[in-house]
Structures are given as structure tokens and as C-alpha cells.
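To be precise, the following lines are model.cif, and they hold mmCIF, C-alpha atoms and all ligand atoms.
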data_work
loop_
_atom_site.label_atom_id
_atom_site.label_comp_id
_atom_site.auth_asym_id
_atom_site.auth_seq_id
_atom_site.Cartn_x
_atom_site.Cartn_y
_atom_site.Cartn_z
CA MET A 115 -4.18 56.77 38.12
CA SER A 116 -5.62 53.53 39.41
CA SER A 117 -8.30 53.20 42.03
CA LYS A 118 -7.29 55.76 44.66
CA GLU A 119 -10.80 55.64 46.08
CA ASN A 120 -10.58 51.93 46.70
CA MET A 121 -7.57 51.50 48.96
CA GLU A 122 -8.05 47.73 48.82
CA SER A 123 -6.84 47.71 45.24
CA LYS A 124 -3.72 49.80 45.17
CA SER A 125 -0.84 49.51 42.80
CA ALA A 126 2.83 49.69 43.68
CA LEU A 127 5.85 50.63 41.62
CA LEU A 128 9.24 49.30 42.66
CA ILE A 129 12.72 50.13 41.45
CA GLY A 130 15.70 48.12 42.59
CA ALA A 131 13.73 44.85 42.48
CA SER A 132 16.82 42.87 41.47
CA GLY A 133 18.72 44.00 44.57
CA LEU A 134 18.97 42.62 48.10
CA VAL A 135 16.26 44.70 49.78
CA GLY A 136 14.35 45.19 46.52
CA GLY A 137 14.13 41.43 45.94
CA HIS A 138 12.55 40.91 49.37
CA CYS A 139 10.35 43.91 48.81
CA LEU A 140 9.06 42.45 45.56
CA LEU A 141 8.12 39.14 47.20
CA GLN A 142 6.32 40.94 50.02
CA LEU A 143 4.50 43.31 47.67
CA LEU A 144 3.23 40.33 45.67
CA GLU A 145 1.96 38.78 48.95
CA GLU A 146 0.36 42.00 50.21
CA PRO A 147 -3.40 41.78 49.54
CA SER A 148 -3.93 45.54 49.24
CA TYR A 149 -1.93 45.60 46.00
CA THR A 150 -3.56 44.26 42.88
CA GLN A 151 -0.69 45.30 40.64
CA VAL A 152 3.05 45.53 41.21
CA ILE A 153 5.05 47.24 38.48
CA VAL A 154 8.83 46.86 38.47
CA LEU A 155 11.20 48.93 36.38
CA VAL A 156 14.18 46.73 35.66
CA ARG A 157 17.19 46.71 33.36
CA ARG A 158 16.91 42.96 32.78
CA PRO A 159 13.88 40.66 33.16
CA LEU A 160 13.53 39.02 36.57
CA PRO A 161 12.88 35.26 36.76
CA VAL A 162 9.58 35.83 38.56
CA ILE A 163 6.14 35.18 37.15
CA HIS A 164 3.09 36.32 39.11
CA GLU A 165 -0.37 37.44 38.10
CA LYS A 166 0.08 40.82 39.81
CA LEU A 167 3.54 41.49 38.40
CA VAL A 168 4.23 43.77 35.45
CA GLN A 169 7.88 44.00 34.43
CA GLN A 170 8.88 47.03 32.45
CA ILE A 171 12.36 46.91 30.97
CA SER A 172 13.67 50.43 31.40
CA ASP A 173 16.63 52.61 30.65
CA PHE A 174 16.92 54.64 33.85
CA ASP A 175 18.51 57.50 31.92
CA GLU A 176 15.22 57.80 30.05
CA LEU A 177 12.81 57.68 33.00
CA GLU A 178 10.98 60.76 31.73
CA SER A 179 10.09 58.95 28.53
CA LEU A 180 8.24 56.11 30.25
CA GLY A 181 5.31 57.19 28.14
CA LYS A 182 2.00 57.50 29.88
CA CYS A 183 1.91 58.03 33.60
CA PRO A 184 2.62 54.86 35.54
CA PRO A 185 -0.66 53.98 37.33
CA VAL A 186 0.65 53.79 40.87
CA ASP A 187 -0.33 54.67 44.41
CA ASP A 188 2.84 53.74 46.31
CA VAL A 189 6.40 54.01 45.00
CA TYR A 190 9.20 51.93 46.52
CA CYS A 191 12.77 52.97 45.78
CA CYS A 192 15.35 50.31 46.69
CA LEU A 193 17.92 51.49 44.17
CA GLY A 194 21.54 51.92 45.03
CA THR A 195 25.12 51.21 44.12
CA THR A 196 28.55 51.48 45.68
CA ILE A 197 31.44 53.70 44.67
CA LYS A 198 33.46 50.55 44.00
CA LYS A 199 30.83 49.14 41.67
CA SER A 200 29.94 52.38 39.92
CA GLY A 201 33.57 53.45 39.48
CA THR A 202 33.26 57.18 40.15
CA GLN A 203 31.48 59.49 42.56
CA GLU A 204 29.60 60.91 39.60
CA ALA A 205 28.31 57.49 38.55
CA PHE A 206 27.37 56.71 42.16
CA ARG A 207 25.44 59.94 42.44
CA LYS A 208 23.54 59.20 39.26
CA VAL A 209 22.11 55.99 40.78
CA ASP A 210 21.66 57.13 44.37
CA PHE A 211 20.48 60.69 43.68
CA ASP A 212 19.49 61.44 40.07
CA TYR A 213 17.38 58.35 39.40
CA PRO A 214 15.39 58.40 42.68
CA VAL A 215 14.69 62.14 42.36
CA LYS A 216 13.60 61.79 38.74
CA LEU A 217 11.36 58.88 39.66
CA ALA A 218 9.84 60.82 42.54
CA ALA A 219 9.10 63.87 40.37
CA LEU A 220 7.56 61.74 37.64
CA THR A 221 5.37 59.61 39.89
CA GLN A 222 4.22 62.52 42.06
CA HIS A 223 3.23 64.37 38.89
CA CYS A 224 1.27 61.29 37.86
CA GLY A 225 -0.61 61.21 41.19
CA ALA A 226 1.26 58.76 43.42
CA ASN A 227 0.49 59.25 47.12
CA GLN A 228 3.43 57.70 48.91
CA PHE A 229 7.14 57.46 48.22
CA LEU A 230 9.25 55.02 50.25
CA LEU A 231 13.00 55.49 50.02
CA ILE A 232 15.84 53.41 51.42
CA SER A 233 18.40 55.92 52.50
CA SER A 234 21.02 55.00 55.09
CA MET A 235 22.08 55.48 58.67
CA GLY A 236 24.21 58.63 58.75
CA ALA A 237 22.39 60.36 55.88
CA ASN A 238 23.16 64.05 56.14
CA PRO A 239 23.36 66.65 53.35
CA HIS A 240 26.17 68.42 55.23
CA SER A 241 28.26 65.35 55.93
CA ARG A 242 31.90 65.31 54.94
CA ILE A 243 31.47 61.66 53.97
CA PHE A 244 30.42 61.53 50.32
CA TYR A 245 28.06 58.52 50.70
CA ASN A 246 26.23 60.04 53.69
CA ARG A 247 26.05 63.41 51.95
CA VAL A 248 24.45 61.98 48.79
CA LYS A 249 21.94 60.05 50.93
CA GLY A 250 21.10 63.25 52.82
CA GLU A 251 20.78 65.20 49.59
CA VAL A 252 18.45 62.69 47.99
CA GLU A 253 16.21 62.82 51.08
CA GLU A 254 16.15 66.64 50.91
CA ALA A 255 15.38 66.72 47.19
CA ILE A 256 12.48 64.25 47.45
CA ARG A 257 11.13 66.02 50.52
CA LYS A 258 10.61 69.09 48.33
CA ILE A 259 8.49 67.08 45.91
CA SER A 260 5.69 66.97 48.50
CA PHE A 261 4.12 63.54 48.42
CA LYS A 262 1.13 62.98 50.68
CA ALA A 263 3.51 60.71 52.58
CA PHE A 264 7.29 60.41 52.23
CA HIS A 265 8.87 57.58 54.21
CA ILE A 266 12.63 57.58 54.70
CA PHE A 267 14.27 54.37 55.94
CA ARG A 268 17.75 54.68 57.38
CA PRO A 269 18.99 51.15 58.01
CA SER A 270 22.39 50.27 59.40
CA LEU A 271 24.44 47.50 57.77
CA LEU A 272 22.21 45.18 55.73
CA LEU A 273 22.36 41.44 56.24
CA GLY A 274 21.31 38.92 53.61
CA LYS A 275 22.57 36.66 50.86
CA ARG A 276 24.11 38.49 47.93
CA VAL A 277 25.22 37.05 44.64
CA GLU A 278 27.81 39.81 44.50
CA HIS A 279 30.90 39.53 46.71
CA ARG A 280 31.31 42.51 49.08
CA PRO A 281 34.19 41.61 51.41
CA GLY A 282 33.99 44.84 53.46
CA GLU A 283 30.31 44.34 54.21
CA GLN A 284 30.87 40.65 54.98
CA VAL A 285 33.51 41.47 57.58
CA GLY A 286 31.20 44.16 58.98
CA ALA A 287 28.33 41.69 59.15
CA VAL A 288 30.39 39.14 61.09
CA ALA A 289 31.58 41.80 63.53
CA MET A 290 28.12 43.31 63.97
CA THR A 291 26.54 39.91 64.50
CA ALA A 292 29.14 39.06 67.15
CA LEU A 293 28.57 42.40 68.87
CA LYS A 294 24.78 42.36 68.53
CA TYR A 295 24.00 41.78 72.21
CA ALA A 296 26.60 44.28 73.35
CA MET A 297 24.76 46.96 71.38
CA ILE A 298 22.15 48.06 73.87
CA GLY A 299 20.46 51.31 74.83
CA PRO A 300 21.36 54.09 72.39
CA PHE A 301 23.67 51.73 70.48
CA ARG A 302 20.83 49.40 69.55
CA THR A 303 20.16 51.31 66.36
CA TYR A 304 23.66 50.41 65.10
CA ARG A 305 22.81 46.71 65.04
CA ALA A 306 22.95 45.19 61.57
CA ILE A 307 19.53 44.44 60.14
CA LEU A 308 18.18 41.79 57.79
CA ALA A 309 17.35 43.16 54.35
CA LYS A 310 14.16 41.09 54.58
CA ASP A 311 13.12 43.03 57.70
CA VAL A 312 13.75 46.37 56.00
CA ALA A 313 11.54 45.27 53.10
CA GLN A 314 8.84 44.10 55.48
CA ALA A 315 8.86 47.39 57.38
CA MET A 316 8.52 49.32 54.12
CA VAL A 317 5.50 47.33 52.97
CA ARG A 318 3.89 47.54 56.44
CA VAL A 319 4.39 51.29 56.74
CA ALA A 320 2.77 51.87 53.36
CA GLN A 321 -0.44 50.30 54.73
CA MET A 322 -0.56 52.56 57.81
CA ASP A 323 -2.05 55.64 56.15
CA ARG A 324 0.60 57.96 57.58
CA THR A 325 1.12 61.39 56.06
CA GLY A 326 3.98 63.89 55.91
CA VAL A 327 7.67 63.11 56.15
CA ASN A 328 8.40 60.07 58.32
CA ILE A 329 11.91 58.97 59.20
CA TYR A 330 12.67 55.48 60.47
CA ASP A 331 16.04 54.67 61.99
CA SER A 332 17.28 51.09 62.06
CA GLN A 333 15.76 50.37 65.46
CA SER A 334 12.34 51.66 64.37
CA ILE A 335 12.60 49.61 61.18
CA GLN A 336 13.32 46.50 63.24
CA LYS A 337 10.38 47.13 65.56
CA ILE A 338 7.98 47.61 62.67
CA ALA A 339 9.27 44.42 61.05
CA ASP A 340 8.77 42.62 64.37
CA GLY A 341 5.16 43.78 64.41
CA ALA A 342 5.54 46.32 67.20
CA ASP A 343 4.60 49.68 65.74
CA THR A 344 6.87 52.31 67.13
CA ARG A 345 7.69 55.91 67.62
CA HIS A 346 9.45 57.43 64.69
CA GLN A 347 10.45 60.90 63.66
CA VAL A 348 7.67 62.88 61.94
CA GLU A 349 8.37 66.25 60.36
N1 LIG A 401 24.63 47.59 52.00
C1 LIG A 401 24.33 48.09 53.17
O1 LIG A 401 24.75 47.60 54.23
C2 LIG A 401 23.43 49.31 53.25
C3 LIG A 401 23.23 49.93 54.47
C4 LIG A 401 22.36 51.02 54.55
C5 LIG A 401 21.71 51.47 53.40
N2 LIG A 401 21.94 50.86 52.20
C6 LIG A 401 21.19 51.34 51.02
O2 LIG A 401 20.10 50.47 50.80
C7 LIG A 401 19.71 50.51 49.42
C8 LIG A 401 19.48 49.09 48.94
O3 LIG A 401 20.69 48.37 49.10
P1 LIG A 401 20.86 46.89 48.52
O4 LIG A 401 22.09 46.35 49.15
O5 LIG A 401 19.58 46.17 48.60
O6 LIG A 401 21.19 47.21 46.97
P2 LIG A 401 21.71 46.20 45.88
O7 LIG A 401 21.52 44.80 46.30
O8 LIG A 401 23.09 46.63 45.48
O9 LIG A 401 20.70 46.50 44.68
C9 LIG A 401 20.76 47.70 44.00
C10 LIG A 401 19.65 47.82 42.99
O10 LIG A 401 19.89 49.04 42.27
C11 LIG A 401 19.91 48.74 40.87
N3 LIG A 401 20.92 49.54 40.17
C12 LIG A 401 22.21 49.72 40.53
N4 LIG A 401 22.83 50.49 39.59
C13 LIG A 401 21.89 50.77 38.65
C14 LIG A 401 21.89 51.53 37.44
N5 LIG A 401 23.00 52.14 36.98
N6 LIG A 401 20.76 51.61 36.72
C15 LIG A 401 19.64 51.00 37.15
N7 LIG A 401 19.56 50.26 38.29
C16 LIG A 401 20.68 50.16 39.02
C17 LIG A 401 20.30 47.27 40.76
O11 LIG A 401 19.84 46.81 39.52
P3 LIG A 401 20.71 45.79 38.60
O12 LIG A 401 20.47 44.43 39.18
O13 LIG A 401 20.13 46.00 37.26
O14 LIG A 401 22.16 46.23 38.72
C18 LIG A 401 19.59 46.68 41.98
O15 LIG A 401 18.25 46.40 41.66
C19 LIG A 401 20.83 51.27 48.71
O16 LIG A 401 20.38 52.57 48.44
C20 LIG A 401 21.96 51.31 49.73
O17 LIG A 401 22.76 52.46 49.58
C21 LIG A 401 22.77 49.78 52.10
#

Can the structure from this file be put into C-alpha cells for me?
Amino acid sequence: MSSKENMESKSALLIGASGLVGGHCLLQLLEEPSYTQVIVLVRRPLPVIHEKLVQQISDFDELESLGKCPPVDDVYCCLGTTIKKSGTQEAFRKVDFDYPVKLAALTQHCGANQFLLISSMGANPHSRIFYNRVKGEVEEAIRKISFKAFHIFRPSLLLGKRVEHRPGEQVGAVAMTALKYAMIGPFRTYRAILAKDVAQAMVRVAQMDRTGVNIYDSQSIQKIADGADTRHQVE
């Protein structure tokens, strides 16, 4: 494991770096002075060159055979798919449950301190909605792995430029943007949120030295991204 004693030279491992939140997360991790190394596990090389960046081309079905322990302090999981893209519930579950849990077990075994997971608003292991149930189950499974700190981010609809066309989300984004200022009080947390802000909140939280299981709803994520640290659920 890298320099745990010297928290000014941490290393981060990111999966999902080619995605919407993951792409922003990567840029912010490279800018964050406390990280001297940022390792990304990717299926295809990213067009990014940076002195801190190490790209490891990986088959996510073979995460256990990464070889030696990845030398990381903080693990960022921005992985995810959709049922439409993956084709079946089983294939969805593999990406949104199996891979994150395997990664968590491996990195915790190797000494990582913090695991930061993008889950979703509505995550609940008992939900009747498949997506929400898988998100709740992945949170539960990683909780049992006992990191020094486990941070769960539950954003609402993500806003940002995608290469991929997702008509449902685009309609949702237009509606949510139009309704933004009508969503006040307890409805504030349903406001759509910029993927960039979610990434920023993740990187900020990892520098706060929090311990235990910490859950951030969309409103808390927004406040952290805005620079106003906030109450959040600690378990
Ligand atoms: N969309 C929303 O409004 C919304 C709202 C709340 C929460 N979330 C959650 O937020 C997280 C991040 O969402 P996002 O929109 O940023 O994701 P995204 O843009 O779809 O990116 C997904 C990432 O996962 C990787 N991935 C997908 N399938 C894979 C596979 N079979 N093997 C290896 N890697 C795979 C992709 O890599 P490749 O480039 O190699 O495919 C990509 O890096 C997800 O967990 C999502 O469920 C989304």
C-alpha cells in the first residue's frame, strides 16, 4: 500500500472513468493535490495523458486477477449501466452489483481506507423496482466489507453532456430543469444535479477524513459541491 502515513500523497483508484460522472471525477482527481497517483481501470484506453494517471486495461470479469494489490487509499466507483444498454436484468446486475462488490472486497483486502460509491436516489434493497433494489443491495453488500469510511452518494437525475443518446433521461432533464425552482423544501432533493457536481462532492468528501458509513442525498451532494459542508446521514 502506498504512503498511508503521509496523507498528502494518497493514491486513488477509479472505475467508470469513461462515463459521465466518472469522466468529471477523473479530471478532478488529477487536479486534487492530495493525490500523487490516479489509477483507472478501463476497458479501452482513455484519450488523457497526465503525469499522475495510470491506465490499466482490465477485464472486469477478472478483477480478482489484477495481480498484486492495487496501491490505493481511496476507491471511487462510478460504474453503471442501464437495463436498455445491458439487455437483461442479469447483465445489469453484473455491472451495478457484482463488479462494485468485487472491487470493494479486493481493495479493502489490499488496505484501501475509503470507498466512494455512486448509488442512486431511491436505493432500497426491499424496493419492488429492480433498479432501486440492486442499488440498495450493492450498498448493503459493500457496507459489510467494513472500510474505514464508506461514502454512498444518492443523486437524483444526472445532468451533463453524453455521447450516448438517452431520450428518457433527456426528457426528464428538460422537465426537471423547468421545475427546478418549484422544487423547494422537502422536494429540493429531487432536483436534477450536474454530474460534474456529483464528482466534485465525491472528491471533496474523500479529503474530509470522515469515518463510518456516510450517506449523501442529492441535496447534500449539491451543498458539498457548492462548498457548504452539510449535514448528512451517518450510520
Ligand atoms: N443517469 C442518471 O440520471 C443517474 C441518476 C442517479 C444515479 N445514477 C448512477 O450513477 C452512476 C454513474 O452514472 P453515469 O451516467 O455517469 O454512467 P455512464 O455515463 O453510463 O458510465 C458508466 C461507466 O460504467 C462503465 N461500464 C458500463 N458497463 C460496463 C461493463 N460491462 N464493464 C465495465 N465497465 C462498464 C462504462 O465503461 P465503458 O465506457 O467501457 O462502457 C462507464 O465508464 C451509475 O451507477 C448510475 O446508475 C445515474

Write out as lines of an AutoDock Vina configuration file an axis-aligned box for ligand LIG 401 (chain A): all of its atoms listed in the file, 8 Å added on each side, centre and edge lengths in Å with one decimal.
center_x = 21.5
center_y = 48.5
center_z = 45.6
size_x = 22.5
size_y = 24.1
size_z = 33.8

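One finds CA of Phe174 in chain A at 11.0 Å from CA of Gly130 in chain A.
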
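Remark: for Glu251 in chain A, the closest of the candidate residues A:Thr221, A:Leu177, A:Asp210, A:His265 is A:Asp210 (distances computed over all atoms listed in the file).
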
Checklist entry - Counting only C-alpha atoms and all ligand atoms, what residues are within 6 Å of ligand LIG 401 (chain A), given as a PyMOL selection string? => result chain A and resi 130-136+157+174+192-195+209+232-234+269-272

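Considering only C-alpha atoms, the residue among A:Cys183, A:Leu140, A:Ala342, A:Leu217 positioned nearest to Pro161 in chain A is A:Leu140.
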
Item to check | For Ala339 in chain A: contacts at 10 Å, all atoms listed in the file, fewer than 5 positions along chain excluded, given as a VMD selection string | outcome: chain A and resid 308 310 to 319 333 to 334

May I have the protein, DNA and RNA residues with an atom at most 9 Å from (-1.8, 45.1, 41.6), counting all atoms listed in the file in the file's coordinates, returned as an mmCIF file with C-alpha atoms, keeping the file's coordinate frame?
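Below is the file out.cif, written as the result:
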data_model
loop_
_atom_site.group_PDB
_atom_site.id
_atom_site.type_symbol
_atom_site.label_atom_id
_atom_site.label_comp_id
_atom_site.auth_asym_id
_atom_site.auth_seq_id
_atom_site.Cartn_x
_atom_site.Cartn_y
_atom_site.Cartn_z
ATOM 1 C CA SER A 123 -6.840 47.710 45.240
ATOM 2 C CA LYS A 124 -3.720 49.800 45.170
ATOM 3 C CA SER A 125 -0.840 49.510 42.800
ATOM 4 C CA ALA A 126 2.830 49.690 43.680
ATOM 5 C CA LEU A 143 4.500 43.310 47.670
ATOM 6 C CA LEU A 144 3.230 40.330 45.670
ATOM 7 C CA PRO A 147 -3.400 41.780 49.540
ATOM 8 C CA SER A 148 -3.930 45.540 49.240
ATOM 9 C CA TYR A 149 -1.930 45.600 46.000
ATOM 10 C CA THR A 150 -3.560 44.260 42.880
ATOM 11 C CA GLN A 151 -0.690 45.300 40.640
ATOM 12 C CA VAL A 152 3.050 45.530 41.210
ATOM 13 C CA ILE A 153 5.050 47.240 38.480
ATOM 14 C CA GLU A 165 -0.370 37.440 38.100
ATOM 15 C CA LYS A 166 0.080 40.820 39.810
ATOM 16 C CA LEU A 167 3.540 41.490 38.400
ATOM 17 C CA VAL A 168 4.230 43.770 35.450
#

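Closest approach to Gln336 in chain A among A:Ala306, A:Val348, A:Ala255, A:Met322: A:Ala306, based on all atoms listed in the file.
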
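A straight line drawn from CA of Cys191 in chain A to CA of Leu230 in chain A is 6.0 Å long.
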
Checklist outcome for this item: Students should find that CA of Arg268 in chain A and CA of Thr303 in chain A are spaced 9.9 Å

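In terms of minimum interatomic distance to Thr325 in chain A, A:Ala263 ranks closest within A:Leu127, A:Cys139, A:Ala263, A:Ala237, counting only C-alpha atoms.
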
Next on the checklist: What's around Glu253 in chain A at 12 Å? Count only C-alpha atoms, leave out sequence neighbours fewer than 5 positions away in its own chain, and write the answer as a PyMOL selection string.
Outcome noted: chain A and resi 191+210-212+214-215+218+229-234+236-239+246-248+258-260+264-268+327-329
